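Source file: input.cif (mmCIF, C-alpha atoms)
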data_data
#
loop_
_atom_site.label_atom_id
_atom_site.label_comp_id
_atom_site.auth_asym_id
_atom_site.auth_seq_id
_atom_site.Cartn_x
_atom_site.Cartn_y
_atom_site.Cartn_z
CA MET K 221 -36.32 -24.50 38.60
CA ASN K 222 -37.30 -23.98 34.99
CA PRO K 223 -36.13 -26.99 32.88
CA SER K 224 -34.60 -24.69 30.27
CA LYS K 225 -32.55 -22.97 32.97
CA LYS K 226 -31.31 -26.37 34.20
CA ILE K 227 -30.14 -27.21 30.69
CA CYS K 228 -28.35 -23.87 30.30
CA LEU K 229 -26.65 -24.28 33.68
CA SER K 230 -25.56 -27.81 32.79
CA LEU K 231 -24.08 -26.62 29.48
CA ALA K 232 -22.24 -23.80 31.23
CA VAL K 233 -20.68 -26.16 33.77
CA THR K 234 -19.67 -28.58 31.01
CA ALA K 235 -18.02 -25.75 29.08
CA MET K 236 -16.12 -24.63 32.17
CA LEU K 237 -14.83 -28.14 32.81
CA ALA K 238 -13.78 -28.55 29.20
CA ALA K 239 -12.02 -25.18 28.99
CA PRO K 240 -8.58 -26.26 30.32
CA SER K 241 -8.19 -29.02 27.71
CA ALA K 242 -9.58 -26.77 24.98
CA PHE K 243 -6.87 -24.19 25.69
CA ALA K 244 -4.04 -26.65 26.39
CA TYR K 245 -0.77 -25.94 24.58
CA ASN K 246 0.20 -28.99 22.56
CA GLU K 247 2.31 -30.15 19.61
CA PHE K 248 -0.05 -28.54 17.12
CA ASN K 249 0.29 -25.14 18.81
CA ALA K 250 4.06 -25.50 18.93
CA ARG K 251 4.26 -26.29 15.22
CA MET K 252 2.02 -23.35 14.33
CA ASP K 253 4.02 -20.93 16.51
CA CYS K 254 7.27 -22.06 14.92
CA LEU K 255 5.92 -21.82 11.37
CA SER K 256 4.65 -18.30 12.08
CA LYS K 257 8.32 -17.31 12.45
CA VAL K 258 9.70 -19.25 9.48
CA VAL K 259 7.03 -19.00 6.76
CA HIS K 260 5.27 -15.78 7.73
CA TRP K 261 3.91 -13.35 5.12
CA GLY K 262 6.86 -11.90 3.19
CA SER K 263 9.23 -14.71 4.21
CA SER K 264 11.63 -16.22 1.64
CA TYR K 265 10.52 -19.70 2.71
CA SER K 266 7.34 -21.72 2.12
CA ASN K 267 5.91 -25.25 1.78
CA PRO K 268 6.86 -26.67 5.19
CA GLU K 269 7.32 -30.45 5.25
CA ASP K 270 8.13 -33.15 7.81
CA VAL K 271 7.34 -30.76 10.67
CA ARG K 272 7.64 -32.43 14.06
CA ALA K 273 7.45 -31.16 17.62
CA ASP K 274 9.23 -32.93 20.48
CA GLU K 275 8.14 -32.00 23.98
CA THR K 276 11.00 -30.98 26.27
CA GLY K 277 8.99 -29.83 29.28
CA HIS K 278 5.73 -28.23 30.35
CA HIS K 279 4.53 -26.17 27.36
CA SER K 280 8.06 -26.45 25.91
CA PHE K 281 9.03 -28.04 22.57
CA ASN K 282 11.76 -28.41 19.99
CA VAL K 283 10.25 -28.07 16.51
CA SER K 284 12.02 -29.02 13.28
CA GLY K 285 11.25 -29.60 9.62
CA ARG K 286 12.03 -28.56 6.06
CA VAL K 287 11.01 -25.59 3.92
CA LYS K 288 11.69 -24.49 0.35
CA ASP K 289 13.21 -21.19 -0.70
CA ARG K 290 12.25 -19.17 -3.77
CA ASP K 291 14.59 -21.28 -5.91
CA ASN K 292 12.81 -24.45 -4.73
CA ARG K 293 15.82 -25.59 -2.66
CA ASN K 294 15.27 -27.42 0.63
CA HIS K 295 16.37 -25.98 3.97
CA ARG K 296 16.19 -27.37 7.49
CA PHE K 297 14.64 -25.20 10.20
CA ASP K 298 14.48 -25.41 13.98
CA CYS K 299 12.59 -23.62 16.74
CA ARG K 300 12.94 -23.79 20.50
CA ILE K 301 9.79 -23.04 22.48
CA ASP K 302 9.90 -22.47 26.23
CA HIS K 303 6.61 -22.09 28.11
CA LYS K 304 4.61 -21.28 24.95
CA GLU K 305 7.15 -18.70 23.71
CA VAL K 306 9.38 -19.11 20.65
CA VAL K 307 12.71 -18.16 22.20
CA SER K 308 14.87 -19.03 19.19
CA TRP K 309 14.54 -20.13 15.58
CA ASN K 310 16.78 -20.56 12.56
CA VAL K 311 16.83 -21.72 8.96
CA GLY K 312 19.90 -23.54 7.66
CA SER K 313 21.67 -23.36 4.33
CA ASP K 314 20.69 -25.53 1.37
CA ASP K 315 20.64 -29.09 2.73
CA SER K 316 20.94 -30.86 -0.61
CA ASP K 317 24.33 -32.17 0.53
CA SER K 318 23.58 -35.53 2.17
CA ASP K 319 26.45 -35.05 4.65
CA ARG K 320 24.82 -31.93 6.00
CA LYS K 321 21.61 -33.84 6.56
CA LYS K 322 23.51 -36.22 8.84
CA ASP K 323 25.10 -33.54 11.00
CA LYS K 324 23.12 -30.47 11.93
CA LYS K 325 26.24 -28.73 13.27
CA ASN K 326 27.94 -28.83 9.88
CA ARG K 327 25.48 -26.56 8.12
CA ALA K 328 25.89 -22.80 8.01
CA LEU K 329 22.93 -20.92 9.44
CA MET K 330 21.28 -18.46 7.06
CA ILE K 331 18.79 -16.64 9.27
CA GLY K 332 17.83 -16.82 12.92
CA ALA K 333 16.54 -15.00 15.94
CA GLY K 334 16.17 -15.39 19.67
CA VAL K 335 15.09 -13.87 22.94
CA VAL K 336 17.77 -12.51 25.28
CA GLY K 337 16.96 -13.03 28.94
CA LEU K 338 18.09 -14.53 32.19
CA ALA K 339 18.65 -18.11 30.95
CA ALA K 340 22.33 -17.59 30.15
CA LEU K 341 23.08 -15.07 32.86
CA ALA K 342 24.60 -17.53 35.33
CA ALA K 343 27.05 -18.76 32.73
CA VAL K 344 27.94 -15.20 31.76
CA ILE K 345 28.61 -14.18 35.34
CA ALA K 346 30.73 -17.30 35.91
CA SER K 347 32.83 -16.64 32.82
CA SER K 348 33.16 -12.95 33.61
CA ASN K 349 34.56 -13.74 37.05
CA SER K 350 37.67 -15.25 35.46
CA SER K 351 40.99 -13.42 35.82
CA ASN K 352 40.72 -12.07 32.27
CA ASP K 353 37.49 -10.25 33.12
CA GLN K 354 38.15 -9.38 36.74
CA SER K 355 37.66 -5.65 36.22
CA HIS K 356 34.28 -6.26 34.57
CA ALA K 357 33.19 -8.55 37.42
CA GLU K 358 34.25 -5.91 39.95
CA SER K 359 32.26 -3.27 38.08
CA ARG K 360 29.19 -5.53 38.15
CA THR K 361 29.52 -5.87 41.93
CA VAL K 362 29.79 -2.09 42.36
CA TYR K 363 26.78 -1.38 40.15
CA ASN K 364 24.63 -4.06 41.78
CA ALA K 365 25.43 -2.53 45.17
CA GLY K 366 24.22 0.86 43.93
CA LYS K 367 27.60 2.50 44.55
CA ALA K 368 27.82 3.91 41.00
CA ASN K 369 25.65 4.44 37.94
CA PRO K 370 26.14 1.70 35.28
CA PHE K 371 24.58 3.94 32.63
CA ASP K 372 27.59 6.25 32.83
CA ASP K 373 29.76 3.30 31.73
CA MET K 374 29.03 2.51 28.09
CA ARG K 375 31.97 0.11 27.91
CA TYR K 376 30.47 -1.99 30.72
CA LEU K 377 26.96 -2.02 29.17
CA ARG K 378 28.32 -2.97 25.77
CA SER K 379 30.45 -5.77 27.22
CA GLU K 380 27.57 -7.10 29.33
CA CYS K 381 25.22 -7.11 26.34
CA ARG K 382 27.81 -8.76 24.13
CA ASN K 383 28.47 -11.52 26.70
CA VAL K 384 24.79 -12.36 27.12
CA VAL K 385 23.95 -12.23 23.40
CA ARG K 386 26.95 -14.46 22.66
CA GLN K 387 25.86 -17.01 25.27
CA HIS K 388 22.37 -17.13 23.77
CA LEU K 389 23.71 -17.47 20.23
CA VAL K 390 25.89 -20.40 21.30
CA HIS K 391 23.02 -22.03 23.18
CA ASP K 392 20.44 -21.49 20.41
CA HIS K 393 22.39 -21.79 17.16
CA GLY K 394 25.88 -23.18 17.70
CA SER K 395 29.47 -22.16 18.45
CA VAL K 396 30.35 -18.52 17.78
CA ASP K 397 33.76 -17.61 16.40
CA ASP K 398 33.36 -13.84 16.88
CA LEU K 399 30.69 -11.32 17.84
CA ASP K 400 31.17 -7.60 17.27
CA LEU K 401 28.59 -5.03 18.36
CA GLU K 402 29.60 -2.20 16.06
CA GLN K 403 26.81 0.33 16.44
CA VAL K 404 25.63 1.08 19.96
CA ASN K 405 22.73 3.30 21.04
CA LEU K 406 21.60 3.83 24.65
CA ASN K 407 18.06 5.06 25.20
CA GLY K 408 17.18 5.09 28.89
CA ARG K 409 17.96 1.56 30.03
CA THR K 410 17.80 0.03 26.53
CA LEU K 411 20.97 -0.67 24.57
CA SER K 412 20.52 -1.50 20.89
CA GLY K 413 22.36 -1.44 17.60
CA ASP K 414 23.87 -3.44 14.76
CA GLY K 415 26.85 -5.74 14.54
CA ARG K 416 28.08 -8.97 13.01
CA VAL K 417 28.43 -12.56 14.14
CA SER K 418 30.69 -15.29 12.76
CA PHE K 419 29.81 -18.93 13.42
CA GLU K 420 32.41 -21.66 13.65
CA THR K 421 30.34 -23.64 11.13
CA GLY K 422 31.18 -20.93 8.60
CA GLY K 423 30.13 -17.51 7.36
CA ALA K 424 29.47 -14.13 8.95
CA ARG K 425 26.02 -12.60 9.42
CA ASN K 426 24.66 -9.11 9.90
CA LEU K 427 23.11 -8.86 13.36
CA THR K 428 20.77 -6.52 15.20
CA TYR K 429 20.33 -6.64 18.97
CA THR K 430 18.57 -5.10 21.95
CA CYS K 431 19.44 -5.47 25.64
CA LEU K 432 17.16 -4.16 28.40
CA PHE K 433 18.83 -3.39 31.75
CA ASP K 434 17.49 -2.85 35.24
CA ARG K 435 18.76 0.01 37.42
CA GLY K 436 21.69 -2.09 38.62
CA GLY K 437 22.96 -2.76 35.11
CA ASN K 438 21.64 -6.33 34.90
CA ILE K 439 20.07 -7.53 31.65
CA THR K 440 16.45 -8.52 32.14
CA ASP K 441 15.22 -8.95 28.56
CA GLY K 442 16.05 -8.35 24.93
CA HIS K 443 16.32 -9.98 21.53
CA TYR K 444 18.62 -10.50 18.55
CA SER K 445 18.31 -11.47 14.89
CA TYR K 446 20.64 -12.14 11.98
CA SER K 447 20.26 -12.91 8.29
CA GLY K 448 22.25 -13.43 5.11
CA ARG K 449 25.93 -13.82 4.41
CA MET K 450 28.15 -10.77 4.68
#

Let me see the file written as C-alpha coordinates.
Amino acid sequence: MNPSKKICLSLAVTAMLAAPSAFAYNEFNARMDCLSKVVHWGSSYSNPEDVRADETGHHSFNVSGRVKDRDNRNHRFDCRIDHKEVVSWNVGSDDSDSDRKKDKKNRALMIGAGVVGLAALAAVIASSNSSNDQSHAESRTVYNAGKANPFDDMRYLRSECRNVVRQHLVHDHGSVDDLDLEQVNLNGRTLSGDGRVSFETGGARNLTYTCLFDRGGNITDGHYSYSGRM
(Lines of atoms letter the chains of each structure in order from A and count residues from 1; the text may use other names and numbers.)
(Lines give C-alpha, C1' and ligand atoms only; values in the text may rest on other atoms or scores of the structure.)
Protein backbone atom coordinates (compact mmCIF):
# COMPACT_ATOMS: atom_id res chain seq x y z
CA MET A 1 0.00 0.00 0.00
CA ASN A 2 1.14 3.52 -0.77
CA PRO A 3 2.64 5.12 2.41
CA SER A 4 0.57 8.26 1.92
CA LYS A 5 -2.61 6.18 1.80
CA LYS A 6 -1.60 4.45 5.06
CA ILE A 7 -1.20 7.84 6.72
CA CYS A 8 -4.59 9.05 5.46
CA LEU A 9 -6.28 5.85 6.64
CA SER A 10 -4.64 6.16 10.06
CA LEU A 11 -5.81 9.77 10.41
CA ALA A 12 -9.34 8.80 9.40
CA VAL A 13 -9.51 6.03 12.00
CA THR A 14 -8.13 8.36 14.67
CA ALA A 15 -10.77 10.97 13.82
CA MET A 16 -13.53 8.37 14.02
CA LEU A 17 -12.37 7.20 17.44
CA ALA A 18 -12.14 10.75 18.71
CA ALA A 19 -15.56 11.79 17.39
CA PRO A 20 -17.68 10.65 20.38
CA SER A 21 -15.66 12.70 22.88
CA ALA A 22 -15.51 15.65 20.50
CA PHE A 23 -19.31 15.74 20.33
CA ALA A 24 -19.97 14.89 23.98
CA TYR A 25 -22.47 17.13 25.77
CA ASN A 26 -20.82 18.61 28.84
CA GLU A 27 -21.03 21.49 31.32
CA PHE A 28 -19.80 23.98 28.75
CA ASN A 29 -22.58 23.02 26.31
CA ALA A 30 -25.16 23.23 29.08
CA ARG A 31 -24.04 26.72 30.08
CA MET A 32 -24.08 27.92 26.47
CA ASP A 33 -27.56 26.47 25.84
CA CYS A 34 -28.91 28.14 28.96
CA LEU A 35 -27.34 31.51 28.15
CA SER A 36 -28.80 31.37 24.64
CA LYS A 37 -32.22 31.58 26.32
CA VAL A 38 -31.39 34.25 28.89
CA VAL A 39 -29.01 36.68 27.14
CA HIS A 40 -29.97 36.16 23.50
CA TRP A 41 -29.98 39.04 21.00
CA GLY A 42 -32.69 41.51 22.03
CA SER A 43 -32.86 40.22 25.61
CA SER A 44 -33.13 42.69 28.52
CA TYR A 45 -30.30 40.85 30.29
CA SER A 46 -26.54 40.71 29.72
CA ASN A 47 -23.15 40.21 31.42
CA PRO A 48 -23.65 36.70 32.85
CA GLU A 49 -21.58 35.96 35.96
CA ASP A 50 -20.97 33.03 38.31
CA VAL A 51 -22.51 30.62 35.79
CA ARG A 52 -22.36 27.02 36.97
CA ALA A 53 -23.77 23.77 35.64
CA ASP A 54 -24.55 20.83 37.92
CA GLU A 55 -25.05 17.48 36.24
CA THR A 56 -28.30 15.75 37.21
CA GLY A 57 -28.17 12.82 34.79
CA HIS A 58 -27.00 11.74 31.36
CA HIS A 59 -26.82 14.93 29.25
CA SER A 60 -28.95 16.66 31.92
CA PHE A 61 -27.96 19.71 33.99
CA ASN A 62 -29.21 22.45 36.28
CA VAL A 63 -27.59 25.75 35.29
CA SER A 64 -27.62 28.90 37.41
CA GLY A 65 -25.93 32.28 37.61
CA ARG A 66 -26.43 36.03 37.63
CA VAL A 67 -27.15 38.59 34.91
CA LYS A 68 -27.62 42.35 34.81
CA ASP A 69 -30.63 44.17 33.44
CA ARG A 70 -30.59 47.46 31.54
CA ASP A 71 -30.52 49.38 34.82
CA ASN A 72 -27.43 47.44 35.91
CA ARG A 73 -29.34 45.51 38.60
CA ASN A 74 -28.44 41.89 39.34
CA HIS A 75 -30.87 39.02 38.75
CA ARG A 76 -30.57 35.31 39.40
CA PHE A 77 -31.38 32.92 36.55
CA ASP A 78 -31.90 29.18 36.32
CA CYS A 79 -32.22 26.63 33.52
CA ARG A 80 -33.15 22.96 33.60
CA ILE A 81 -31.70 20.85 30.79
CA ASP A 82 -32.93 17.31 30.16
CA HIS A 83 -31.13 15.21 27.54
CA LYS A 84 -29.51 18.24 25.86
CA GLU A 85 -32.79 20.21 25.72
CA VAL A 86 -33.54 23.35 27.74
CA VAL A 87 -36.94 22.37 29.13
CA SER A 88 -37.35 25.36 31.45
CA TRP A 89 -35.66 28.64 32.31
CA ASN A 90 -36.42 31.73 34.35
CA VAL A 91 -34.97 35.03 35.51
CA GLY A 92 -35.81 36.27 39.00
CA SER A 93 -36.54 39.74 40.30
CA ASP A 94 -33.82 42.11 41.48
CA ASP A 95 -31.78 40.08 44.00
CA SER A 96 -30.18 43.03 45.76
CA ASP A 97 -32.08 42.02 48.90
CA SER A 98 -29.72 39.70 50.78
CA ASP A 99 -32.65 37.67 52.14
CA ARG A 100 -33.72 36.78 48.64
CA LYS A 101 -30.24 35.53 47.88
CA LYS A 102 -30.60 33.05 50.74
CA ASP A 103 -33.93 31.62 49.65
CA LYS A 104 -34.63 31.11 45.98
CA LYS A 105 -38.32 30.46 46.66
CA ASN A 106 -38.82 33.93 48.12
CA ARG A 107 -38.09 35.82 44.92
CA ALA A 108 -40.78 36.70 42.41
CA LEU A 109 -40.10 35.36 38.94
CA MET A 110 -39.96 37.98 36.20
CA ILE A 111 -39.74 35.91 33.02
CA GLY A 112 -39.67 32.22 32.24
CA ALA A 113 -40.50 29.49 29.80
CA GLY A 114 -40.74 25.73 29.56
CA VAL A 115 -41.60 22.72 27.47
CA VAL A 116 -44.93 20.99 28.06
CA GLY A 117 -44.76 17.23 27.63
CA LEU A 118 -45.30 13.89 29.26
CA ALA A 119 -43.17 14.47 32.38
CA ALA A 120 -46.06 15.73 34.51
CA LEU A 121 -48.79 13.66 32.92
CA ALA A 122 -48.84 10.93 35.57
CA ALA A 123 -49.33 13.49 38.32
CA VAL A 124 -52.06 15.22 36.33
CA ILE A 125 -53.96 11.99 35.75
CA ALA A 126 -53.64 11.05 39.43
CA SER A 127 -54.98 14.42 40.58
CA SER A 128 -57.75 14.39 37.99
CA ASN A 129 -58.99 11.03 39.25
CA SER A 130 -59.99 12.61 42.56
CA SER A 131 -63.70 12.96 43.39
CA ASN A 132 -63.63 16.66 42.47
CA ASP A 133 -62.58 15.85 38.90
CA GLN A 134 -64.38 12.55 38.43
CA SER A 135 -66.30 13.72 35.36
CA HIS A 136 -63.07 14.86 33.70
CA ALA A 137 -61.38 11.53 34.46
CA GLU A 138 -64.38 9.68 33.01
CA SER A 139 -64.21 11.81 29.87
CA ARG A 140 -60.51 10.98 29.50
CA THR A 141 -61.32 7.27 29.69
CA VAL A 142 -64.02 7.60 27.03
CA TYR A 143 -61.80 9.57 24.66
CA ASN A 144 -58.83 7.24 25.10
CA ALA A 145 -61.09 4.32 24.24
CA GLY A 146 -62.12 6.06 21.01
CA LYS A 147 -65.80 6.12 21.99
CA ALA A 148 -66.13 9.87 21.36
CA ASN A 149 -64.23 12.74 19.75
CA PRO A 150 -62.29 14.85 22.31
CA PHE A 151 -62.03 17.71 19.81
CA ASP A 152 -65.77 18.27 20.09
CA ASP A 153 -65.27 19.01 23.80
CA MET A 154 -63.47 22.33 24.18
CA ARG A 155 -64.06 22.35 27.92
CA TYR A 156 -62.19 19.05 28.28
CA LEU A 157 -59.25 20.18 26.09
CA ARG A 158 -58.95 23.46 27.95
CA SER A 159 -59.03 21.73 31.34
CA GLU A 160 -56.48 19.11 30.25
CA CYS A 161 -54.12 21.78 28.92
CA ARG A 162 -54.52 23.89 32.04
CA ASN A 163 -53.77 20.92 34.33
CA VAL A 164 -50.60 19.95 32.48
CA VAL A 165 -49.29 23.52 32.11
CA ARG A 166 -49.93 24.13 35.81
CA GLN A 167 -48.03 20.97 36.79
CA HIS A 168 -45.06 22.05 34.67
CA LEU A 169 -45.10 25.58 36.08
CA VAL A 170 -45.06 24.20 39.63
CA HIS A 171 -42.28 21.75 38.79
CA ASP A 172 -40.15 24.28 36.88
CA HIS A 173 -40.73 27.60 38.64
CA GLY A 174 -42.53 27.17 41.96
CA SER A 175 -45.99 27.02 43.53
CA VAL A 176 -48.84 28.47 41.46
CA ASP A 177 -51.66 30.34 43.15
CA ASP A 178 -53.88 30.56 40.05
CA LEU A 179 -53.72 29.83 36.33
CA ASP A 180 -56.33 31.16 33.93
CA LEU A 181 -56.30 30.32 30.22
CA GLU A 182 -58.38 33.22 28.97
CA GLN A 183 -58.03 33.04 25.20
CA VAL A 184 -58.36 29.62 23.59
CA ASN A 185 -57.86 28.70 19.93
CA LEU A 186 -58.11 25.16 18.52
CA ASN A 187 -56.39 24.49 15.20
CA GLY A 188 -56.52 20.81 14.32
CA ARG A 189 -55.07 19.09 17.38
CA THR A 190 -53.25 22.19 18.67
CA LEU A 191 -54.74 24.30 21.45
CA SER A 192 -53.11 27.68 22.05
CA GLY A 193 -53.84 31.10 23.47
CA ASP A 194 -53.09 33.64 26.17
CA GLY A 195 -53.77 33.73 29.88
CA ARG A 196 -52.29 34.73 33.21
CA VAL A 197 -50.48 32.96 36.03
CA SER A 198 -50.12 34.02 39.67
CA PHE A 199 -47.27 32.58 41.73
CA GLU A 200 -47.50 32.11 45.47
CA THR A 201 -44.18 33.96 45.76
CA GLY A 202 -46.01 37.04 44.50
CA GLY A 203 -47.17 38.80 41.35
CA ALA A 204 -49.17 37.83 38.28
CA ARG A 205 -47.70 37.31 34.82
CA ASN A 206 -49.03 37.37 31.28
CA LEU A 207 -48.76 33.88 29.80
CA THR A 208 -48.91 32.29 26.36
CA TYR A 209 -49.28 28.54 25.88
CA THR A 210 -49.59 25.75 23.34
CA CYS A 211 -50.75 22.17 23.91
CA LEU A 212 -50.48 19.50 21.22
CA PHE A 213 -52.89 16.55 21.50
CA ASP A 214 -52.98 13.11 19.95
CA ARG A 215 -56.19 11.67 18.50
CA GLY A 216 -57.26 10.39 21.92
CA GLY A 217 -57.05 13.82 23.53
CA ASN A 218 -53.74 13.20 25.32
CA ILE A 219 -51.14 15.98 25.41
CA THR A 220 -47.93 14.93 23.70
CA ASP A 221 -46.01 18.20 23.48
CA GLY A 222 -46.25 21.96 23.85
CA HIS A 223 -44.71 24.98 25.51
CA TYR A 224 -45.46 28.03 27.64
CA SER A 225 -43.85 31.38 28.44
CA TYR A 226 -44.55 34.33 30.70
CA SER A 227 -43.01 37.74 31.30
CA GLY A 228 -43.49 40.95 33.25
CA ARG A 229 -45.82 41.96 36.04
CA MET A 230 -49.48 42.51 35.23

Picked residues, the PyMOL selection byres ((chain K and resi 403-412) around 8), expected as a list in words
Phe371, Leu377, Arg378, Cys381, Leu401, Glu402, Gly413, Asp414, Gly415, Thr428, Tyr429, Thr430, Cys431, Leu432, Phe433, Asp434 and Arg435 of chain K

Suppose a student applies the PyMOL selection byres ((chain K and resi 294) around 10) to this structure; what residues should they get, written as a short mmCIF file (atom, residue, chain, number, x, y, z; two decimals) with C-alpha atoms, in the frame of the given file?
data_model
loop_
_atom_site.label_atom_id
_atom_site.label_comp_id
_atom_site.auth_asym_id
_atom_site.auth_seq_id
_atom_site.Cartn_x
_atom_site.Cartn_y
_atom_site.Cartn_z
CA TYR K 265 10.52 -19.70 2.71
CA SER K 266 7.34 -21.72 2.12
CA ASN K 267 5.91 -25.25 1.78
CA PRO K 268 6.86 -26.67 5.19
CA GLU K 269 7.32 -30.45 5.25
CA ARG K 286 12.03 -28.56 6.06
CA VAL K 287 11.01 -25.59 3.92
CA LYS K 288 11.69 -24.49 0.35
CA ASP K 289 13.21 -21.19 -0.70
CA ARG K 290 12.25 -19.17 -3.77
CA ASP K 291 14.59 -21.28 -5.91
CA ASN K 292 12.81 -24.45 -4.73
CA ARG K 293 15.82 -25.59 -2.66
CA HIS K 295 16.37 -25.98 3.97
CA ARG K 296 16.19 -27.37 7.49
CA PHE K 297 14.64 -25.20 10.20
CA GLY K 312 19.90 -23.54 7.66
CA SER K 313 21.67 -23.36 4.33
CA ASP K 314 20.69 -25.53 1.37
CA ASP K 315 20.64 -29.09 2.73
CA SER K 316 20.94 -30.86 -0.61
#

Would you compute the distance between CA of Asp253 in chain K and CA of Arg416 in chain K? Give it in Å to one decimal.
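Going from CA of Asp253 in chain K over to CA of Arg416 in chain K, I get 27.1 Å.
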
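Residues surrounding Asn426 in chain K within 12 Å are Leu329, Met330, Ile331, Gly332, Ala333, Leu399, Asp400, Leu401, Glu402, Gln403, Gly413, Asp414, Gly415, Arg416, Val417, Ser418, Phe419, Tyr444, Ser445, Tyr446, Ser447, Gly448, Arg449 and Met450 of chain K [only C-alpha atoms; sequence separation below 4 positions excluded].
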
How far is it from CA of Ser284 in chain K to CA of Val384 in chain K, in Å with one decimal?
25.1 Å

Compare K:Arg300, K:Met374, K:Ala424, K:Asn369 by their minimum atom-to-atom distance to Val396 in chain K, counting only C-alpha atoms, and give me the closest one.
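Of K:Arg300, K:Met374, K:Ala424, K:Asn369, the one nearest Val396 in chain K is K:Ala424, counting only C-alpha atoms.
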
Once the PyMOL selection byres ((chain K and resi 358-360) around 10) is applied to the coordinates I shared, what remains selected? I want it as a PyMOL selection string.
chain K and resi 345+348-349+353-357+361-368+370+373+376-377+380+436-438

For CA of Thr276 in chain K and CA of Asn249 in chain K, the interatomic separation in Å (one decimal):
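So the two atoms, CA of Thr276 in chain K and CA of Asn249 in chain K, lie 14.3 Å apart.
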
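Across K:Ile301, K:Val311, K:Leu427, K:Leu255, the tightest approach to Gly277 in chain K is made by K:Ile301 when counting only C-alpha atoms.
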
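Take the candidates K:Val335, K:Val283, K:Val385, K:Ala244 and check each one against Val307 in chain K using all atoms listed in the file; the shortest distance goes to K:Val335.
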